[in-house]
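K.L.:
Got a file for you: upload-v4.cif, mmCIF, C-alpha atoms.
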```cif
data_structure
loop_
_atom_site.group_PDB
_atom_site.id
_atom_site.type_symbol
_atom_site.label_atom_id
_atom_site.label_comp_id
_atom_site.auth_asym_id
_atom_site.auth_seq_id
_atom_site.Cartn_x
_atom_site.Cartn_y
_atom_site.Cartn_z
ATOM 1 C CA MET A 1 -73.083 -29.907 -31.805
ATOM 2 C CA ARG A 2 -70.088 -32.019 -31.009
ATOM 3 C CA ARG A 3 -69.090 -32.816 -27.461
ATOM 4 C CA GLY A 4 -65.451 -32.377 -28.482
ATOM 5 C CA ASP A 5 -66.083 -28.639 -28.911
ATOM 6 C CA LEU A 6 -67.124 -28.379 -25.272
ATOM 7 C CA VAL A 7 -64.027 -30.323 -24.191
ATOM 8 C CA VAL A 8 -61.746 -28.015 -26.206
ATOM 9 C CA ALA A 9 -63.431 -24.907 -24.772
ATOM 10 C CA VAL A 10 -63.016 -26.163 -21.205
ATOM 11 C CA LEU A 11 -59.368 -27.105 -21.846
ATOM 12 C CA CYS A 12 -58.637 -23.664 -23.315
ATOM 13 C CA LEU A 13 -60.229 -21.910 -20.346
ATOM 14 C CA ALA A 14 -58.518 -24.151 -17.783
ATOM 15 C CA THR A 15 -55.115 -23.738 -19.442
ATOM 16 C CA SER A 16 -55.471 -19.968 -19.683
ATOM 17 C CA THR A 17 -56.485 -19.808 -16.018
ATOM 18 C CA MET A 18 -53.398 -21.773 -14.950
ATOM 19 C CA ILE A 19 -51.136 -19.576 -17.079
ATOM 20 C CA LEU A 20 -52.658 -16.393 -15.675
ATOM 21 C CA VAL A 21 -52.312 -17.601 -12.084
ATOM 22 C CA GLU A 22 -48.621 -18.404 -12.622
ATOM 23 C CA SER A 23 -47.635 -15.391 -14.733
ATOM 24 C CA ALA A 24 -49.699 -12.529 -13.259
ATOM 25 C CA PRO A 25 -47.423 -12.102 -10.204
ATOM 26 C CA ARG A 26 -44.473 -11.663 -12.588
ATOM 27 C CA TYR A 27 -46.221 -9.144 -14.848
ATOM 28 C CA PHE A 28 -44.219 -6.188 -13.552
ATOM 29 C CA ALA A 29 -40.465 -6.104 -13.036
ATOM 30 C CA GLU A 30 -38.737 -4.569 -10.029
ATOM 31 C CA ARG A 31 -38.397 -1.133 -11.588
ATOM 32 C CA GLY A 32 -41.983 -0.869 -12.783
ATOM 33 C CA GLY A 33 -41.417 -2.125 -16.338
ATOM 34 C CA LEU A 34 -42.900 -5.226 -17.840
ATOM 35 C CA GLY A 35 -41.599 -8.415 -16.324
ATOM 36 C CA SER A 36 -41.247 -11.984 -17.515
ATOM 37 C CA GLY A 37 -44.942 -12.675 -16.937
ATOM 38 C CA ALA A 38 -46.282 -10.050 -19.356
ATOM 39 C CA TYR A 39 -46.068 -12.105 -22.547
ATOM 40 C CA PRO A 40 -47.643 -15.251 -21.015
ATOM 41 C CA CYS A 41 -50.454 -13.081 -19.637
ATOM 42 C CA TYR A 42 -51.214 -11.739 -23.106
ATOM 43 C CA LEU A 43 -51.190 -15.225 -24.571
ATOM 44 C CA ALA A 44 -53.432 -16.479 -21.776
ATOM 45 C CA LEU A 45 -55.928 -13.693 -22.468
ATOM 46 C CA LEU A 46 -55.929 -14.617 -26.151
ATOM 47 C CA LEU A 47 -56.489 -18.261 -25.225
ATOM 48 C CA THR A 48 -59.371 -17.187 -22.980
ATOM 49 C CA VAL A 49 -61.013 -15.352 -25.880
ATOM 50 C CA CYS A 50 -60.629 -18.456 -28.063
ATOM 51 C CA GLY A 51 -62.108 -20.700 -25.371
ATOM 52 C CA LEU A 52 -65.042 -18.349 -24.800
ATOM 53 C CA SER A 53 -65.647 -18.134 -28.542
ATOM 54 C CA ILE A 54 -65.820 -21.915 -28.835
ATOM 55 C CA LEU A 55 -68.070 -22.103 -25.768
ATOM 56 C CA VAL A 56 -70.495 -19.496 -27.154
ATOM 57 C CA GLN A 57 -70.648 -21.319 -30.480
ATOM 58 C CA TRP A 58 -71.317 -24.571 -28.641
ATOM 59 C CA PHE A 59 -74.199 -23.049 -26.645
ATOM 60 C CA ARG A 60 -75.718 -21.388 -29.705
ATOM 61 C CA GLY A 61 -75.289 -24.484 -31.856
ATOM 62 C CA ASN A 62 -73.733 -22.513 -34.738
ATOM 63 C CA ARG A 63 -71.046 -25.021 -35.556
ATOM 64 C CA LYS A 64 -71.588 -27.299 -38.524
ATOM 65 C CA THR A 65 -71.541 -30.972 -37.659
ATOM 66 C CA ASP A 66 -70.620 -32.003 -41.189
ATOM 67 C CA ALA A 67 -67.443 -29.895 -41.260
ATOM 68 C CA PRO A 68 -64.266 -31.592 -42.437
ATOM 69 C CA PRO A 69 -62.150 -33.187 -39.701
ATOM 70 C CA PHE A 70 -59.531 -31.056 -37.975
ATOM 71 C CA PHE A 71 -56.723 -33.520 -38.659
ATOM 72 C CA PRO A 72 -56.518 -34.435 -42.354
ATOM 73 C CA ARG A 73 -56.808 -38.031 -43.413
ATOM 74 C CA GLY A 74 -54.824 -40.007 -45.951
ATOM 75 C CA ARG A 75 -51.756 -38.415 -47.524
ATOM 76 C CA GLY A 76 -52.415 -35.055 -45.830
ATOM 77 C CA GLY A 77 -52.444 -36.700 -42.403
ATOM 78 C CA LYS A 78 -49.169 -38.469 -43.141
ATOM 79 C CA LEU A 79 -47.591 -35.166 -44.216
ATOM 80 C CA VAL A 80 -48.701 -33.471 -40.981
ATOM 81 C CA ALA A 81 -47.372 -36.372 -38.901
ATOM 82 C CA CYS A 82 -44.032 -36.444 -40.770
ATOM 83 C CA THR A 83 -43.666 -32.681 -40.392
ATOM 84 C CA ALA A 84 -44.345 -32.862 -36.647
ATOM 85 C CA ALA A 85 -41.914 -35.755 -36.243
ATOM 86 C CA SER A 86 -39.225 -33.869 -38.169
ATOM 87 C CA LEU A 87 -39.591 -30.876 -35.841
ATOM 88 C CA VAL A 88 -39.122 -33.135 -32.812
ATOM 89 C CA ALA A 89 -36.088 -34.708 -34.499
ATOM 90 C CA HIS A 90 -34.744 -31.215 -35.210
ATOM 91 C CA ARG A 91 -35.027 -30.314 -31.540
ATOM 92 C CA VAL A 92 -33.063 -33.410 -30.511
ATOM 93 C CA GLY A 93 -30.639 -32.988 -33.412
ATOM 94 C CA THR A 94 -29.910 -29.401 -32.412
ATOM 95 C CA ASP A 95 -28.342 -30.600 -29.169
ATOM 96 C CA LEU A 96 -26.340 -33.325 -30.894
ATOM 97 C CA LEU A 97 -25.395 -31.778 -34.232
ATOM 98 C CA GLY A 98 -25.725 -28.070 -33.524
ATOM 99 C CA PHE A 99 -28.279 -25.588 -34.820
ATOM 100 C CA THR A 100 -26.681 -25.026 -38.203
ATOM 101 C CA PHE A 101 -26.339 -28.636 -39.319
ATOM 102 C CA ALA A 102 -29.673 -29.778 -37.793
ATOM 103 C CA SER A 103 -31.503 -26.892 -39.461
ATOM 104 C CA PHE A 104 -29.818 -27.645 -42.781
ATOM 105 C CA LEU A 105 -31.042 -31.247 -42.603
ATOM 106 C CA LEU A 106 -34.524 -30.100 -41.560
ATOM 107 C CA MET A 107 -34.769 -27.713 -44.509
ATOM 108 C CA ILE A 108 -33.708 -30.415 -46.949
ATOM 109 C CA TYR A 109 -36.206 -32.885 -45.494
ATOM 110 C CA GLN A 110 -39.080 -30.387 -45.467
ATOM 111 C CA MET A 111 -38.443 -29.175 -48.998
ATOM 112 C CA ARG A 112 -38.268 -32.738 -50.328
ATOM 113 C CA LEU A 113 -41.328 -33.825 -48.337
ATOM 114 C CA LEU A 114 -43.625 -30.910 -49.081
ATOM 115 C CA GLY A 115 -42.327 -29.612 -52.401
ATOM 116 C CA GLN A 116 -41.352 -30.930 -55.759
ATOM 117 C CA HIS A 117 -38.019 -29.150 -56.034
ATOM 118 C CA ARG A 118 -34.874 -30.342 -57.766
ATOM 119 C CA TRP A 119 -31.970 -31.433 -55.570
ATOM 120 C CA TRP A 120 -29.792 -28.480 -56.523
ATOM 121 C CA THR A 121 -32.572 -26.054 -55.681
ATOM 122 C CA THR A 122 -33.227 -27.808 -52.378
ATOM 123 C CA LEU A 123 -29.560 -27.820 -51.363
ATOM 124 C CA GLY A 124 -28.965 -24.233 -52.455
ATOM 125 C CA LEU A 125 -32.011 -22.766 -50.725
ATOM 126 C CA SER A 126 -31.385 -24.797 -47.584
ATOM 127 C CA PHE A 127 -27.785 -23.619 -47.383
ATOM 128 C CA LEU A 128 -28.744 -19.996 -48.075
ATOM 129 C CA PHE A 129 -31.565 -19.957 -45.516
ATOM 130 C CA VAL A 130 -29.550 -21.604 -42.734
ATOM 131 C CA ALA A 131 -26.536 -19.369 -43.398
ATOM 132 C CA LEU A 132 -28.732 -16.261 -43.298
ATOM 133 C CA VAL A 133 -30.496 -17.282 -40.075
ATOM 134 C CA SER A 134 -27.257 -18.314 -38.372
ATOM 135 C CA TYR A 135 -25.519 -15.107 -39.373
ATOM 136 C CA THR A 136 -28.455 -12.982 -38.243
ATOM 137 C CA PHE A 137 -28.635 -14.575 -34.814
ATOM 138 C CA ARG A 138 -24.887 -14.707 -34.196
ATOM 139 C CA GLU A 139 -23.746 -11.383 -35.638
ATOM 140 C CA TRP A 140 -26.696 -9.025 -35.477
ATOM 141 C CA LEU A 141 -28.597 -10.302 -32.432
ATOM 142 C CA TYR A 142 -25.506 -11.505 -30.509
ATOM 143 C CA MET A 143 -27.171 -14.802 -29.612
ATOM 144 C CA ALA A 144 -25.145 -17.960 -29.278
ATOM 145 C CA LEU A 145 -26.844 -20.818 -31.086
ATOM 146 C CA PRO A 146 -26.287 -24.400 -29.931
ATOM 147 C CA ARG A 147 -23.116 -25.767 -31.515
ATOM 148 C CA GLY A 148 -23.629 -29.436 -30.660
ATOM 149 C CA LEU A 149 -20.996 -32.122 -30.599
ATOM 150 C CA LEU A 150 -19.615 -31.148 -34.015
ATOM 151 C CA GLY A 151 -19.035 -27.528 -33.019
ATOM 152 C CA PHE A 152 -20.932 -25.881 -35.923
#
```
Show the structure stored in the file as structure tokens.
P.N.:
Amino acid sequence: MRRGDLVVAVLCLATSTMILVESAPRYFAERGGLGSGAYPCYLALLLTVCGLSILVQWFRGNRKTDAPPFFPRGRGGKLVACTAASLVAHRVGTDLLGFTFASFLLMIYQMRLLGQHRWWTTLGLSFLFVALVSYTFREWLYMALPRGLLGF
């Protein structure tokens, strides 16, 4: 059994404990309904179950030691790293360029990186998806999306 499994189990349990301590007092709102701490409490309980599951497997020794690595190697690892970096760039770009334009660029990048689509298909689907999401949030959900420096 790998020592890393024990470390992950302890981190899951410690994180869920901290989340529960911070969010449990906010579980109920003033009028008896669910407050802002309800959702984090549910997530913390789910994280606790995951941590306990890993811990039980570690004690029982059920985990295979020859399992493939969690993070892929080679081209797969580069794709995961590029995808993660593009999401961070999208977050920064949202403040600078606005949600619409940053998301359009993200969709183009992701479709070119992960798929083998033609440029016209990539541009068309990216435009359609971003327009649909922007319209849904602005018109149906009445949520203001970041407009950035360009005002989109």
K.L.:
Can you work out which one of A:His117, A:Arg138, A:Arg26, A:Arg60 has the shortest atom-to-atom distance to A:Ala38, counting all atoms listed in the file?
P.N.:
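Closest residue, counting all atoms listed in the file: A:Arg26.
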K.L.:
Between A:Leu43, A:Leu87, A:Met143, A:Val56, single out the one closest to A:Val10, counting only C-alpha atoms.
P.N.:
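Residue with the minimum atom-to-atom distance to A:Val10: A:Val56.
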K.L.:
Between atom CA of A:Val8 and atom CA of A:Leu52, what is the distance in Å, rounded to a tenth?
P.N.:
10.3 Å
K.L.:
Could you pull the residues within 9 Å of A:Leu47, counting only C-alpha atoms, minus those fewer than 4 positions along the same chain, as a PyMOL selection string?
P.N.:
chain A and resi 12-13+15-16+42-43+51-52
K.L.:
Tell me, in Å to one decimal, how far atom CA of A:Leu97 is from atom CA of A:Leu150.
P.N.:
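Answer for the atom CA of A:Leu97 to atom CA of A:Leu150 separation: 5.8 Å.
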K.L.:
How many Å separate atom CA of A:Arg147 from atom CA of A:Tyr109?
P.N.:
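About the pair atom CA of A:Arg147 and atom CA of A:Tyr109: they are 20.4 Å apart.
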K.L.:
With a distance cut-off of 12 Å and all atoms listed in the file, select the neighbouring residues of A:Asp95, excluding the residue or stretch itself and same-chain residues fewer than 6 positions from it, and output the selection as an MDAnalysis selection string.
P.N.:
chainID A and resid 88:89 101:103 145:152
K.L.:
For a quick check of understanding, using only C-alpha atoms, which of A:Tyr135, A:Leu113, A:Pro68, A:Leu6 has the smallest distance to A:Val80?
P.N.:
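Of A:Tyr135, A:Leu113, A:Pro68, A:Leu6, the one nearest A:Val80, counting only C-alpha atoms, is A:Leu113.
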K.L.:
For A:Arg2, which residue among A:Leu96, A:Ile54, A:Ala29, A:Ala44 is the nearest when counting all atoms listed in the file?
P.N.:
A:Ile54
K.L.:
Smallest atom-to-atom distance to A:Tyr39: which of A:Leu106, A:Trp58, A:Ile19, A:Thr122, using only C-alpha atoms?
P.N.:
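Going through A:Leu106, A:Trp58, A:Ile19, A:Thr122 one by one, the smallest distance to A:Tyr39 is for A:Ile19.
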K.L.:
Write out as lines of an AutoDock Vina configuration file an axis-aligned box for stretch 98-116 of chain A: all of its atoms listed in the file, 6 Å added on each side, centre and edge lengths in Å with one decimal.
P.N.:
```
center_x = -34.7
center_y = -29.4
center_z = -44.6
size_x = 29.9
size_y = 20.8
size_z = 34.2
```
K.L.:
From the list A:Ala9, A:Ala24, A:Val130, A:Leu79, which residue is nearest A:Phe59 when using all atoms listed in the file?
P.N.:
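Closest residue, counting all atoms listed in the file: A:Ala9.
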K.L.:
Could you give me, as an mmCIF file with C-alpha atoms, in the frame of the given file, the residues within 9 Å of A:Ser126, counting all atoms listed in the file and dropping anything in the same chain fewer than 6 positions from it?
P.N.:
```
data_model
loop_
_atom_site.group_PDB
_atom_site.id
_atom_site.type_symbol
_atom_site.label_atom_id
_atom_site.label_comp_id
_atom_site.auth_asym_id
_atom_site.auth_seq_id
_atom_site.Cartn_x
_atom_site.Cartn_y
_atom_site.Cartn_z
ATOM 1 C CA SER A 103 -31.503 -26.892 -39.461
ATOM 2 C CA PHE A 104 -29.818 -27.645 -42.781
ATOM 3 C CA LEU A 105 -31.042 -31.247 -42.603
ATOM 4 C CA LEU A 106 -34.524 -30.100 -41.560
ATOM 5 C CA MET A 107 -34.769 -27.713 -44.509
ATOM 6 C CA ILE A 108 -33.708 -30.415 -46.949
ATOM 7 C CA MET A 111 -38.443 -29.175 -48.998
#
```
K.L.:
Counting all atoms listed in the file, which residues come within 10 Å of (-44.6, -13.7, -11.9), with the point read in the file's coordinates, and could you list them as a ChimeraX atom specification?
P.N.:
/A:20-29,35-38,40-41
K.L.:
Restrict the selected residues to C-alpha atoms and save them as a short mmCIF file (atom, residue, chain, number, x, y, z; two decimals), keeping the file's coordinate frame.
P.N.:
```cif
data_model
loop_
_atom_site.label_atom_id
_atom_site.label_comp_id
_atom_site.auth_asym_id
_atom_site.auth_seq_id
_atom_site.Cartn_x
_atom_site.Cartn_y
_atom_site.Cartn_z
CA LEU A 20 -52.66 -16.39 -15.68
CA VAL A 21 -52.31 -17.60 -12.08
CA GLU A 22 -48.62 -18.40 -12.62
CA SER A 23 -47.64 -15.39 -14.73
CA ALA A 24 -49.70 -12.53 -13.26
CA PRO A 25 -47.42 -12.10 -10.20
CA ARG A 26 -44.47 -11.66 -12.59
CA TYR A 27 -46.22 -9.14 -14.85
CA PHE A 28 -44.22 -6.19 -13.55
CA ALA A 29 -40.47 -6.10 -13.04
CA GLY A 35 -41.60 -8.41 -16.32
CA SER A 36 -41.25 -11.98 -17.52
CA GLY A 37 -44.94 -12.68 -16.94
CA ALA A 38 -46.28 -10.05 -19.36
CA PRO A 40 -47.64 -15.25 -21.02
CA CYS A 41 -50.45 -13.08 -19.64
#
```
